[in-house]
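For reference, the structure discussed in these notes is given below.
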Amino acid sequence: MLEVDSKKYKTPLFICDDLTLMLLPSCFSHSLTKNQTIYVLERKVGKKGFVTQKLKENQIKRQQVELILEKLRNFLQWIEEYALSNSEVSIATHHNLSNKILNYYINDILIDKLKKSEGVVQKHVSALKAYYNYLANAGFTNIKNLMIEPRLQEQARDNKKPRTAVKYLTPELRSIIYQNTSCIRDELLLKTGGEVGLRSKENVGILLNDFEVGNKKHKGLLSLFKEMKDNPTKDEFIFYLQGKYTKAPRNGFGLPRNIFFTRELLLRMKEYYDKERPESDSDHFFLNNDTVYFGTKISVKRASLVFTDVCKIVLEKQKKGMLPLDGQLLEKGHTHHVLRHSFGTDKFYYLAESHQIAIDNVTATSIVYLTVARLMGHNAEGEYASKTTKKYIRSCNIKKDFEEKQQWF
């Protein structure tokens with residue numbers, strides 16, 4: 001699923017992977033953006049005790065419009081993923097989903113699986129109510145009963161507590177995680193985070209064929225495979241990640257950047273291409289291998305979902321004593337993003353060491369920080385630059401602690 005901003009209608013539009021318009025979400029987006037109103041269910045008890053209910057328009061602020069559309073996008077992306085394993089659910093019929101499925105998303109996915117806090121989940125609930133009330137008012141569905149179920153209310157409140165899992169994974173633990181994937185594709189989806197620094201969604205931006213950006217030609221993976229073959233002593237290969245595939249502020253693209261594949265990683269990518277990748281006309285390198293969406297590009301959350309599944313395997317093996325216990329252990333609070341953060345931490349640490357700068361003395365204007373910011377696709381300017389720097393300083397100190405303990409063992 002894609003979301004594009006329409007210059008004509010001045011509103012975000014939702015597009016399927018086959019580039020067809022998702023009509024109902026797009027109509028809702030247009031109405032919401034233009035009018036800044038939502039429908040709220042109003043219940044009244046009459047003199048004889050009869051309850052009547054109707055949908056009433058309610059004015060909202062611009063910030064609420066953007067929040068509702070963000071949560072709706074998250075929901076529609078989940079529907080795409082869920083449809084892969086449930087033939088009764090699809091984007092085409094999402095407007096008629098039952099209360100059971102909608103509340104499964106709110107409770108079992110957001111609260112239990114993704115560990116979202118009560119406040120965050122309430123925002124999702126409000127967004128889905130705004131969308132489905134709009135559809136109900138237009139006659140496309142019935143009013144939905146959406147809620148945080150009593151069985152998960154306490155957990156939702158507990159999810160608000162900060163995670164204690166450190167935001168760094170040692171190379172040894174990353175290797176264990178990679179080894180417990182079920183196929184080359186999934187191994188690579190995790191390695192692009194831990195060895196290249198890609199966000200989950202950025203894996204969609206790895207393309208096979210050469211492409212042009214601003215009249216400048218850039219190499220796709222097929223050209224990099226040839227370059228690797230023609231230059232047997234070359235150890236590093238550059239791929240240009242376009243801004244449209246990176247994390248972006250609203251109504252714009254993210255920061256494009258060069259990413260650097262080692263020969264070892266590129267060889268593994270070539271192996272996936274030769275042995276495992278489905279035959280397809282798609283230019284996207286990573287493709288779905290399930291029976292329903294076989295040969296189509298992966299979703300933006302695929303790497304995160306792979307990480308979640310692999311973590312369950314690794315955590316179970318740790319519990320049974322099947323893995324070394326003298327190094328860092330995986331924790332439940334670890335997410336796919338920690339792989340990317342670990343890559344950034346390693347770069348930050350070794351750049352500081354090579355420039356003979358003490359970790360705690362690195363500032364947001366130093367060559368160390370600016371170089372890592374470019375590698376990670378961060379904006380090195382503005383109010384958040386120093387906060388990002390502090391995160392890496394803290395993680396570098398954690399890295400040092402792990403290395404010292406490993407040397408002791």
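Ordering of the structure tokens sets the chain letters (A, B, ...); residue numbers start at 1 within each chain; ligands are numbered from 1 in the order shown.
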DSSP strand (DSSP E or B) residues within range 165-382 of chain A, listed as a list in words: Leu207, Phe211, Glu212, Val213, Lys216, Lys217, His218, Glu236, Phe237, Ile238, Phe239, Tyr240, Leu241, Arg257, Asn258, Ile259, Phe260, Phe261, Thr262, His284, Leu287 and Lys297 of chain A
Residue subset to file, keeping N, CA and C atoms, as a PDB file, in the first residue's frame:
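Below is the file result-v5.pdb, written as the result:
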ATOM      1  N   LEU A 207      16.365  -1.935  -5.301  1.00  0.00           N
ATOM      2  CA  LEU A 207      15.849  -2.241  -6.637  1.00  0.00           C
ATOM      3  C   LEU A 207      16.859  -3.032  -7.461  1.00  0.00           C
ATOM      4  N   PHE A 211      18.448   3.058 -12.219  1.00  0.00           N
ATOM      5  CA  PHE A 211      17.379   4.052 -12.210  1.00  0.00           C
ATOM      6  C   PHE A 211      17.992   5.452 -12.216  1.00  0.00           C
ATOM      7  N   GLU A 212      17.191   6.431 -12.562  1.00  0.00           N
ATOM      8  CA  GLU A 212      17.642   7.821 -12.625  1.00  0.00           C
ATOM      9  C   GLU A 212      16.928   8.657 -11.568  1.00  0.00           C
ATOM     10  N   VAL A 213      17.680   9.527 -10.948  1.00  0.00           N
ATOM     11  CA  VAL A 213      17.132  10.498 -10.008  1.00  0.00           C
ATOM     12  C   VAL A 213      17.781  11.832 -10.327  1.00  0.00           C
ATOM     13  N   LYS A 216      20.510  11.852 -12.951  1.00  0.00           N
ATOM     14  CA  LYS A 216      21.718  11.103 -12.605  1.00  0.00           C
ATOM     15  C   LYS A 216      21.371   9.627 -12.503  1.00  0.00           C
ATOM     16  N   LYS A 217      22.156   8.793 -13.157  1.00  0.00           N
ATOM     17  CA  LYS A 217      21.891   7.358 -13.175  1.00  0.00           C
ATOM     18  C   LYS A 217      22.554   6.691 -11.974  1.00  0.00           C
ATOM     19  N   HIS A 218      21.817   5.773 -11.363  1.00  0.00           N
ATOM     20  CA  HIS A 218      22.320   5.022 -10.214  1.00  0.00           C
ATOM     21  C   HIS A 218      22.203   3.527 -10.495  1.00  0.00           C
ATOM     22  N   GLU A 236      33.620  -3.121  -1.093  1.00  0.00           N
ATOM     23  CA  GLU A 236      32.479  -2.294  -0.722  1.00  0.00           C
ATOM     24  C   GLU A 236      31.776  -1.762  -1.969  1.00  0.00           C
ATOM     25  N   PHE A 237      30.444  -1.790  -1.960  1.00  0.00           N
ATOM     26  CA  PHE A 237      29.655  -1.415  -3.128  1.00  0.00           C
ATOM     27  C   PHE A 237      28.536  -0.479  -2.700  1.00  0.00           C
ATOM     28  N   ILE A 238      28.319   0.576  -3.490  1.00  0.00           N
ATOM     29  CA  ILE A 238      27.404   1.646  -3.100  1.00  0.00           C
ATOM     30  C   ILE A 238      26.057   1.514  -3.810  1.00  0.00           C
ATOM     31  N   PHE A 239      25.000   1.603  -3.022  1.00  0.00           N
ATOM     32  CA  PHE A 239      23.645   1.644  -3.573  1.00  0.00           C
ATOM     33  C   PHE A 239      22.985   2.935  -3.098  1.00  0.00           C
ATOM     34  N   TYR A 240      22.310   3.620  -4.017  1.00  0.00           N
ATOM     35  CA  TYR A 240      21.654   4.894  -3.684  1.00  0.00           C
ATOM     36  C   TYR A 240      20.202   4.623  -3.285  1.00  0.00           C
ATOM     37  N   LEU A 241      19.886   4.907  -2.030  1.00  0.00           N
ATOM     38  CA  LEU A 241      18.525   4.720  -1.528  1.00  0.00           C
ATOM     39  C   LEU A 241      17.746   6.011  -1.715  1.00  0.00           C
ATOM     40  N   ARG A 257      20.132   8.624   0.603  1.00  0.00           N
ATOM     41  CA  ARG A 257      21.498   8.437   1.090  1.00  0.00           C
ATOM     42  C   ARG A 257      22.132   7.248   0.378  1.00  0.00           C
ATOM     43  N   ASN A 258      23.439   7.213   0.412  1.00  0.00           N
ATOM     44  CA  ASN A 258      24.173   6.048  -0.066  1.00  0.00           C
ATOM     45  C   ASN A 258      24.230   5.015   1.044  1.00  0.00           C
ATOM     46  N   ILE A 259      23.986   3.763   0.684  1.00  0.00           N
ATOM     47  CA  ILE A 259      24.201   2.676   1.634  1.00  0.00           C
ATOM     48  C   ILE A 259      25.311   1.791   1.071  1.00  0.00           C
ATOM     49  N   PHE A 260      26.053   1.154   1.968  1.00  0.00           N
ATOM     50  CA  PHE A 260      27.281   0.467   1.575  1.00  0.00           C
ATOM     51  C   PHE A 260      27.173  -1.028   1.886  1.00  0.00           C
ATOM     52  N   PHE A 261      27.156  -1.827   0.823  1.00  0.00           N
ATOM     53  CA  PHE A 261      27.121  -3.271   0.962  1.00  0.00           C
ATOM     54  C   PHE A 261      28.540  -3.822   0.969  1.00  0.00           C
ATOM     55  N   THR A 262      28.855  -4.672   1.933  1.00  0.00           N
ATOM     56  CA  THR A 262      30.136  -5.382   1.891  1.00  0.00           C
ATOM     57  C   THR A 262      30.052  -6.472   0.827  1.00  0.00           C
ATOM     58  N   HIS A 284      11.475  -4.613  -7.505  1.00  0.00           N
ATOM     59  CA  HIS A 284      11.863  -4.656  -6.096  1.00  0.00           C
ATOM     60  C   HIS A 284      12.616  -5.955  -5.819  1.00  0.00           C
ATOM     61  N   LEU A 287      10.889  -9.974  -2.363  1.00  0.00           N
ATOM     62  CA  LEU A 287       9.529 -10.308  -2.777  1.00  0.00           C
ATOM     63  C   LEU A 287       8.874 -11.274  -1.785  1.00  0.00           C
ATOM     64  N   LYS A 297       6.111  -7.380  -4.210  1.00  0.00           N
ATOM     65  CA  LYS A 297       7.054  -6.770  -3.271  1.00  0.00           C
ATOM     66  C   LYS A 297       6.587  -6.947  -1.836  1.00  0.00           C
TER      67      LYS A 297
END
Could you pull out the alpha helix (DSSP H) residues of range 223-397 of chain A, going by DSSP on the backbone, and write them as a PyMOL selection string? chain A and resi 223-230+263-275+302-319+336-354+367-376+385-397
Residue selection dump (C-alpha atoms) as a PDB file, in the first residue's frame:
ATOM      1  CA  SER A 223      24.764  -3.796 -11.948  1.00  0.00           C
ATOM      2  CA  LEU A 224      26.325  -4.198  -8.509  1.00  0.00           C
ATOM      3  CA  PHE A 225      26.428  -7.976  -8.990  1.00  0.00           C
ATOM      4  CA  LYS A 226      28.304  -7.421 -12.261  1.00  0.00           C
ATOM      5  CA  GLU A 227      30.613  -4.878 -10.624  1.00  0.00           C
ATOM      6  CA  MET A 228      31.405  -7.382  -7.904  1.00  0.00           C
ATOM      7  CA  LYS A 229      32.249 -10.060 -10.476  1.00  0.00           C
ATOM      8  CA  ASP A 230      34.428  -7.692 -12.525  1.00  0.00           C
ATOM      9  CA  ARG A 263      31.208  -8.042  -0.592  1.00  0.00           C
ATOM     10  CA  GLU A 264      30.079 -10.752   1.827  1.00  0.00           C
ATOM     11  CA  LEU A 265      26.592  -9.256   2.135  1.00  0.00           C
ATOM     12  CA  LEU A 266      26.289  -8.655  -1.594  1.00  0.00           C
ATOM     13  CA  LEU A 267      27.317 -12.257  -2.294  1.00  0.00           C
ATOM     14  CA  ARG A 268      24.525 -13.443  -0.008  1.00  0.00           C
ATOM     15  CA  MET A 269      22.088 -11.153  -1.836  1.00  0.00           C
ATOM     16  CA  LYS A 270      23.242 -12.668  -5.135  1.00  0.00           C
ATOM     17  CA  GLU A 271      22.605 -16.122  -3.678  1.00  0.00           C
ATOM     18  CA  TYR A 272      19.051 -15.097  -2.755  1.00  0.00           C
ATOM     19  CA  TYR A 273      18.535 -13.753  -6.273  1.00  0.00           C
ATOM     20  CA  ASP A 274      19.838 -16.953  -7.909  1.00  0.00           C
ATOM     21  CA  LYS A 275      18.321 -19.594  -5.649  1.00  0.00           C
ATOM     22  CA  ARG A 302       8.018  -7.353   6.670  1.00  0.00           C
ATOM     23  CA  ALA A 303      11.483  -7.013   8.266  1.00  0.00           C
ATOM     24  CA  SER A 304       9.903  -6.043  11.610  1.00  0.00           C
ATOM     25  CA  LEU A 305       7.582  -9.039  11.456  1.00  0.00           C
ATOM     26  CA  VAL A 306      10.499 -11.345  10.622  1.00  0.00           C
ATOM     27  CA  PHE A 307      12.428  -9.992  13.610  1.00  0.00           C
ATOM     28  CA  THR A 308       9.449 -10.608  15.913  1.00  0.00           C
ATOM     29  CA  ASP A 309       9.119 -14.213  14.724  1.00  0.00           C
ATOM     30  CA  VAL A 310      12.845 -14.949  14.990  1.00  0.00           C
ATOM     31  CA  CYS A 311      13.003 -13.413  18.459  1.00  0.00           C
ATOM     32  CA  LYS A 312      10.433 -15.925  19.701  1.00  0.00           C
ATOM     33  CA  ILE A 313      12.700 -18.744  18.513  1.00  0.00           C
ATOM     34  CA  VAL A 314      15.846 -17.251  20.055  1.00  0.00           C
ATOM     35  CA  LEU A 315      14.132 -16.445  23.365  1.00  0.00           C
ATOM     36  CA  GLU A 316      12.849 -20.018  23.599  1.00  0.00           C
ATOM     37  CA  LYS A 317      16.325 -21.420  22.887  1.00  0.00           C
ATOM     38  CA  GLN A 318      17.804 -19.127  25.546  1.00  0.00           C
ATOM     39  CA  LYS A 319      15.203 -20.372  28.017  1.00  0.00           C
ATOM     40  CA  HIS A 336      13.868  -4.641  14.674  1.00  0.00           C
ATOM     41  CA  HIS A 337      14.881  -0.995  15.045  1.00  0.00           C
ATOM     42  CA  VAL A 338      17.547  -2.036  17.573  1.00  0.00           C
ATOM     43  CA  LEU A 339      19.396  -3.738  14.687  1.00  0.00           C
ATOM     44  CA  ARG A 340      19.625  -0.411  12.870  1.00  0.00           C
ATOM     45  CA  HIS A 341      20.584   1.382  16.078  1.00  0.00           C
ATOM     46  CA  SER A 342      23.317  -1.210  16.691  1.00  0.00           C
ATOM     47  CA  PHE A 343      24.770  -0.532  13.233  1.00  0.00           C
ATOM     48  CA  GLY A 344      24.800   3.199  13.982  1.00  0.00           C
ATOM     49  CA  THR A 345      26.377   2.612  17.373  1.00  0.00           C
ATOM     50  CA  ASP A 346      29.201   0.534  15.879  1.00  0.00           C
ATOM     51  CA  LYS A 347      29.927   3.228  13.279  1.00  0.00           C
ATOM     52  CA  PHE A 348      29.777   5.955  15.911  1.00  0.00           C
ATOM     53  CA  TYR A 349      32.135   4.025  18.203  1.00  0.00           C
ATOM     54  CA  TYR A 350      34.770   3.192  15.589  1.00  0.00           C
ATOM     55  CA  LEU A 351      34.720   6.655  13.997  1.00  0.00           C
ATOM     56  CA  ALA A 352      35.263   8.254  17.387  1.00  0.00           C
ATOM     57  CA  GLU A 353      38.100   5.819  18.045  1.00  0.00           C
ATOM     58  CA  SER A 354      39.724   6.425  14.652  1.00  0.00           C
ATOM     59  CA  ILE A 367      32.854  14.818  11.985  1.00  0.00           C
ATOM     60  CA  VAL A 368      31.910  11.643  13.859  1.00  0.00           C
ATOM     61  CA  TYR A 369      28.299  12.677  14.348  1.00  0.00           C
ATOM     62  CA  LEU A 370      27.871  14.205  10.888  1.00  0.00           C
ATOM     63  CA  THR A 371      29.244  11.085   9.182  1.00  0.00           C
ATOM     64  CA  VAL A 372      26.975   8.738  11.135  1.00  0.00           C
ATOM     65  CA  ALA A 373      24.009  11.044  10.502  1.00  0.00           C
ATOM     66  CA  ARG A 374      24.587  10.701   6.737  1.00  0.00           C
ATOM     67  CA  LEU A 375      24.913   6.910   6.989  1.00  0.00           C
ATOM     68  CA  MET A 376      21.689   6.659   8.986  1.00  0.00           C
ATOM     69  CA  ALA A 385      20.412  16.629  16.584  1.00  0.00           C
ATOM     70  CA  SER A 386      21.877  16.759  20.086  1.00  0.00           C
ATOM     71  CA  LYS A 387      19.292  14.278  21.399  1.00  0.00           C
ATOM     72  CA  THR A 388      20.272  11.794  18.693  1.00  0.00           C
ATOM     73  CA  THR A 389      23.930  12.255  19.588  1.00  0.00           C
ATOM     74  CA  LYS A 390      23.247  11.499  23.249  1.00  0.00           C
ATOM     75  CA  LYS A 391      21.500   8.251  22.319  1.00  0.00           C
ATOM     76  CA  TYR A 392      24.607   7.018  20.503  1.00  0.00           C
ATOM     77  CA  ILE A 393      26.912   8.097  23.332  1.00  0.00           C
ATOM     78  CA  ARG A 394      24.828   6.055  25.779  1.00  0.00           C
ATOM     79  CA  SER A 395      24.752   3.047  23.421  1.00  0.00           C
ATOM     80  CA  CYS A 396      28.512   3.238  22.846  1.00  0.00           C
ATOM     81  CA  ASN A 397      29.088   2.979  26.576  1.00  0.00           C
TER      82      ASN A 397
END
When you look at Lys44 in chain A with a cut-off of 7 Å (counting only C-alpha atoms), what residues show up, excluding the ones that are within fewer than 6 positions of it in the same chain? I need them as a tab-separated table (two decimals) with C-alpha atoms, in the first residue's frame.
chain	number	residue	atom	x	y	z
A	51	VAL	CA	-32.06	4.59	23.87
A	52	THR	CA	-31.63	6.38	20.56
A	53	GLN	CA	-28.34	6.96	18.82
Extract, using only C-alpha atoms, all DNA, RNA and protein residues at most 10 Å from Glu81 in chain A, discarding same-chain residues fewer than 6 positions from it, and format them as a ChimeraX atom specification. /A:75,89-91,298-302,305
Using only N, CA, C and O atoms, please write the residues we just selected to a file, as a PDB file, in the first residue's frame.
ATOM      1  N   PHE A  75      -3.353   0.825  10.189  1.00  0.00           N
ATOM      2  CA  PHE A  75      -4.379  -0.219  10.191  1.00  0.00           C
ATOM      3  C   PHE A  75      -4.481  -0.904   8.830  1.00  0.00           C
ATOM      4  O   PHE A  75      -4.515  -2.137   8.742  1.00  0.00           O
ATOM      5  N   VAL A  89     -10.135 -12.162   4.991  1.00  0.00           N
ATOM      6  CA  VAL A  89      -9.896 -10.733   5.185  1.00  0.00           C
ATOM      7  C   VAL A  89      -9.129 -10.184   4.001  1.00  0.00           C
ATOM      8  O   VAL A  89      -8.206 -10.821   3.494  1.00  0.00           O
ATOM      9  N   SER A  90      -9.498  -8.984   3.554  1.00  0.00           N
ATOM     10  CA  SER A  90      -8.770  -8.354   2.453  1.00  0.00           C
ATOM     11  C   SER A  90      -9.007  -6.854   2.483  1.00  0.00           C
ATOM     12  O   SER A  90      -9.963  -6.373   3.110  1.00  0.00           O
ATOM     13  N   ILE A  91      -8.144  -6.131   1.804  1.00  0.00           N
ATOM     14  CA  ILE A  91      -8.322  -4.684   1.682  1.00  0.00           C
ATOM     15  C   ILE A  91      -9.644  -4.369   0.992  1.00  0.00           C
ATOM     16  O   ILE A  91     -10.338  -3.415   1.341  1.00  0.00           O
ATOM     17  N   ILE A 298       7.532  -7.029  -0.918  1.00  0.00           N
ATOM     18  CA  ILE A 298       7.217  -7.171   0.502  1.00  0.00           C
ATOM     19  C   ILE A 298       6.569  -5.900   1.023  1.00  0.00           C
ATOM     20  O   ILE A 298       6.695  -4.828   0.422  1.00  0.00           O
ATOM     21  N   SER A 299       5.893  -6.000   2.145  1.00  0.00           N
ATOM     22  CA  SER A 299       5.325  -4.817   2.787  1.00  0.00           C
ATOM     23  C   SER A 299       6.412  -4.081   3.560  1.00  0.00           C
ATOM     24  O   SER A 299       7.485  -4.627   3.832  1.00  0.00           O
ATOM     25  N   VAL A 300       6.125  -2.860   3.947  1.00  0.00           N
ATOM     26  CA  VAL A 300       7.109  -2.049   4.667  1.00  0.00           C
ATOM     27  C   VAL A 300       7.395  -2.608   6.068  1.00  0.00           C
ATOM     28  O   VAL A 300       8.418  -2.271   6.677  1.00  0.00           O
ATOM     29  N   LYS A 301       6.512  -3.460   6.572  1.00  0.00           N
ATOM     30  CA  LYS A 301       6.698  -4.010   7.920  1.00  0.00           C
ATOM     31  C   LYS A 301       7.294  -5.423   7.910  1.00  0.00           C
ATOM     32  O   LYS A 301       7.449  -6.029   8.976  1.00  0.00           O
ATOM     33  N   ARG A 302       7.593  -5.958   6.747  1.00  0.00           N
ATOM     34  CA  ARG A 302       8.018  -7.353   6.670  1.00  0.00           C
ATOM     35  C   ARG A 302       9.243  -7.636   7.534  1.00  0.00           C
ATOM     36  O   ARG A 302       9.294  -8.647   8.255  1.00  0.00           O
ATOM     37  N   LEU A 305       8.318  -7.818  11.148  1.00  0.00           N
ATOM     38  CA  LEU A 305       7.582  -9.039  11.456  1.00  0.00           C
ATOM     39  C   LEU A 305       8.522 -10.246  11.511  1.00  0.00           C
ATOM     40  O   LEU A 305       8.367 -11.132  12.360  1.00  0.00           O
TER      41      LEU A 305
END
Counting only C-alpha atoms, the residue of A:Leu329, A:Leu67, A:Ala364, A:Met147 that sits nearest Pro171 in chain A: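 For Pro171 in chain A, the nearest of the candidates is A:Leu329.
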Give me the residues within 9 Å of Glu202 in chain A as a list in words, counting only C-alpha atoms and dropping any in the same chain fewer than 4 places off.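 Returned residues: Leu198, Ile206, Leu241, Tyr245, Thr246, Lys247 and Val300 of chain A.
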Selection export as a PDB file, in the first residue's frame, atoms kept: all heavy atoms:
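Everything below was put into result.pdb:
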ATOM      1  N   LEU A 198      19.391  -0.150   7.635  1.00  0.00           N
ATOM      2  CA  LEU A 198      18.107   0.166   7.020  1.00  0.00           C
ATOM      3  C   LEU A 198      16.966   0.024   8.015  1.00  0.00           C
ATOM      4  O   LEU A 198      16.960  -0.875   8.850  1.00  0.00           O
ATOM      5  CB  LEU A 198      17.829  -0.755   5.834  1.00  0.00           C
ATOM      6  CG  LEU A 198      18.724  -0.643   4.598  1.00  0.00           C
ATOM      7  CD1 LEU A 198      18.107  -1.434   3.452  1.00  0.00           C
ATOM      8  CD2 LEU A 198      18.935   0.790   4.183  1.00  0.00           C
ATOM      9  N   ILE A 206      15.232  -1.196  -2.209  1.00  0.00           N
ATOM     10  CA  ILE A 206      16.345  -1.883  -2.873  1.00  0.00           C
ATOM     11  C   ILE A 206      15.832  -2.445  -4.195  1.00  0.00           C
ATOM     12  O   ILE A 206      14.960  -3.313  -4.213  1.00  0.00           O
ATOM     13  CB  ILE A 206      16.919  -3.000  -1.983  1.00  0.00           C
ATOM     14  CG1 ILE A 206      17.414  -2.411  -0.659  1.00  0.00           C
ATOM     15  CG2 ILE A 206      18.064  -3.712  -2.695  1.00  0.00           C
ATOM     16  CD1 ILE A 206      17.972  -3.425   0.308  1.00  0.00           C
ATOM     17  N   LEU A 241      19.886   4.907  -2.030  1.00  0.00           N
ATOM     18  CA  LEU A 241      18.525   4.720  -1.528  1.00  0.00           C
ATOM     19  C   LEU A 241      17.746   6.011  -1.715  1.00  0.00           C
ATOM     20  O   LEU A 241      18.078   7.048  -1.132  1.00  0.00           O
ATOM     21  CB  LEU A 241      18.555   4.328  -0.054  1.00  0.00           C
ATOM     22  CG  LEU A 241      17.210   4.005   0.592  1.00  0.00           C
ATOM     23  CD1 LEU A 241      16.583   2.766  -0.042  1.00  0.00           C
ATOM     24  CD2 LEU A 241      17.371   3.814   2.096  1.00  0.00           C
ATOM     25  N   TYR A 245      11.681   6.217  -0.380  1.00  0.00           N
ATOM     26  CA  TYR A 245      11.611   4.963   0.364  1.00  0.00           C
ATOM     27  C   TYR A 245      12.080   5.115   1.810  1.00  0.00           C
ATOM     28  O   TYR A 245      12.086   4.135   2.555  1.00  0.00           O
ATOM     29  CB  TYR A 245      12.467   3.900  -0.311  1.00  0.00           C
ATOM     30  CG  TYR A 245      11.982   3.503  -1.688  1.00  0.00           C
ATOM     31  CD1 TYR A 245      12.741   3.776  -2.821  1.00  0.00           C
ATOM     32  CD2 TYR A 245      10.756   2.865  -1.860  1.00  0.00           C
ATOM     33  CE1 TYR A 245      12.299   3.415  -4.093  1.00  0.00           C
ATOM     34  CE2 TYR A 245      10.306   2.502  -3.120  1.00  0.00           C
ATOM     35  CZ  TYR A 245      11.082   2.782  -4.231  1.00  0.00           C
ATOM     36  OH  TYR A 245      10.637   2.426  -5.484  1.00  0.00           O
ATOM     37  N   THR A 246      12.484   6.303   2.218  1.00  0.00           N
ATOM     38  CA  THR A 246      13.022   6.490   3.562  1.00  0.00           C
ATOM     39  C   THR A 246      11.988   7.155   4.457  1.00  0.00           C
ATOM     40  O   THR A 246      10.913   7.543   4.020  1.00  0.00           O
ATOM     41  CB  THR A 246      14.298   7.345   3.537  1.00  0.00           C
ATOM     42  OG1 THR A 246      13.981   8.678   3.105  1.00  0.00           O
ATOM     43  CG2 THR A 246      15.324   6.744   2.589  1.00  0.00           C
ATOM     44  N   LYS A 247      12.330   7.279   5.735  1.00  0.00           N
ATOM     45  CA  LYS A 247      11.415   7.907   6.689  1.00  0.00           C
ATOM     46  C   LYS A 247      11.255   9.371   6.314  1.00  0.00           C
ATOM     47  O   LYS A 247      12.228  10.097   6.170  1.00  0.00           O
ATOM     48  CB  LYS A 247      11.977   7.786   8.109  1.00  0.00           C
ATOM     49  CG  LYS A 247      11.039   8.330   9.176  1.00  0.00           C
ATOM     50  CD  LYS A 247      11.628   8.128  10.560  1.00  0.00           C
ATOM     51  CE  LYS A 247      10.689   8.671  11.627  1.00  0.00           C
ATOM     52  NZ  LYS A 247      11.249   8.503  12.990  1.00  0.00           N
ATOM     53  N   VAL A 300       6.125  -2.860   3.947  1.00  0.00           N
ATOM     54  CA  VAL A 300       7.109  -2.049   4.667  1.00  0.00           C
ATOM     55  C   VAL A 300       7.395  -2.608   6.068  1.00  0.00           C
ATOM     56  O   VAL A 300       8.418  -2.271   6.677  1.00  0.00           O
ATOM     57  CB  VAL A 300       6.646  -0.582   4.772  1.00  0.00           C
ATOM     58  CG1 VAL A 300       6.560   0.054   3.400  1.00  0.00           C
ATOM     59  CG2 VAL A 300       5.291  -0.474   5.477  1.00  0.00           C
TER      60      VAL A 300
END
Could you give me, as a PyMOL selection string, the residues within 12 Å of Gly119 in chain A, counting only C-alpha atoms and dropping anything in the same chain fewer than 4 positions from it? chain A and resi 110-111+115+123-126+148+153+156-161
So, counting only C-alpha atoms, which residue among A:Ala380, A:Ala83, A:Ile398, A:Val121 is closest to Ala165 in chain A?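 Ranking A:Ala380, A:Ala83, A:Ile398, A:Val121 by distance to Ala165 in chain A, first place goes to A:Ile398.
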From the list A:Asp186, A:Glu88, A:Glu154, A:Glu80, which residue is nearest Asp112 in chain A when using only C-alpha atoms? A:Glu154
Quote the spacing between CA of Phe28 in chain A and CA of Tyr131 in chain A in Å to one decimal place. 7.0 Å
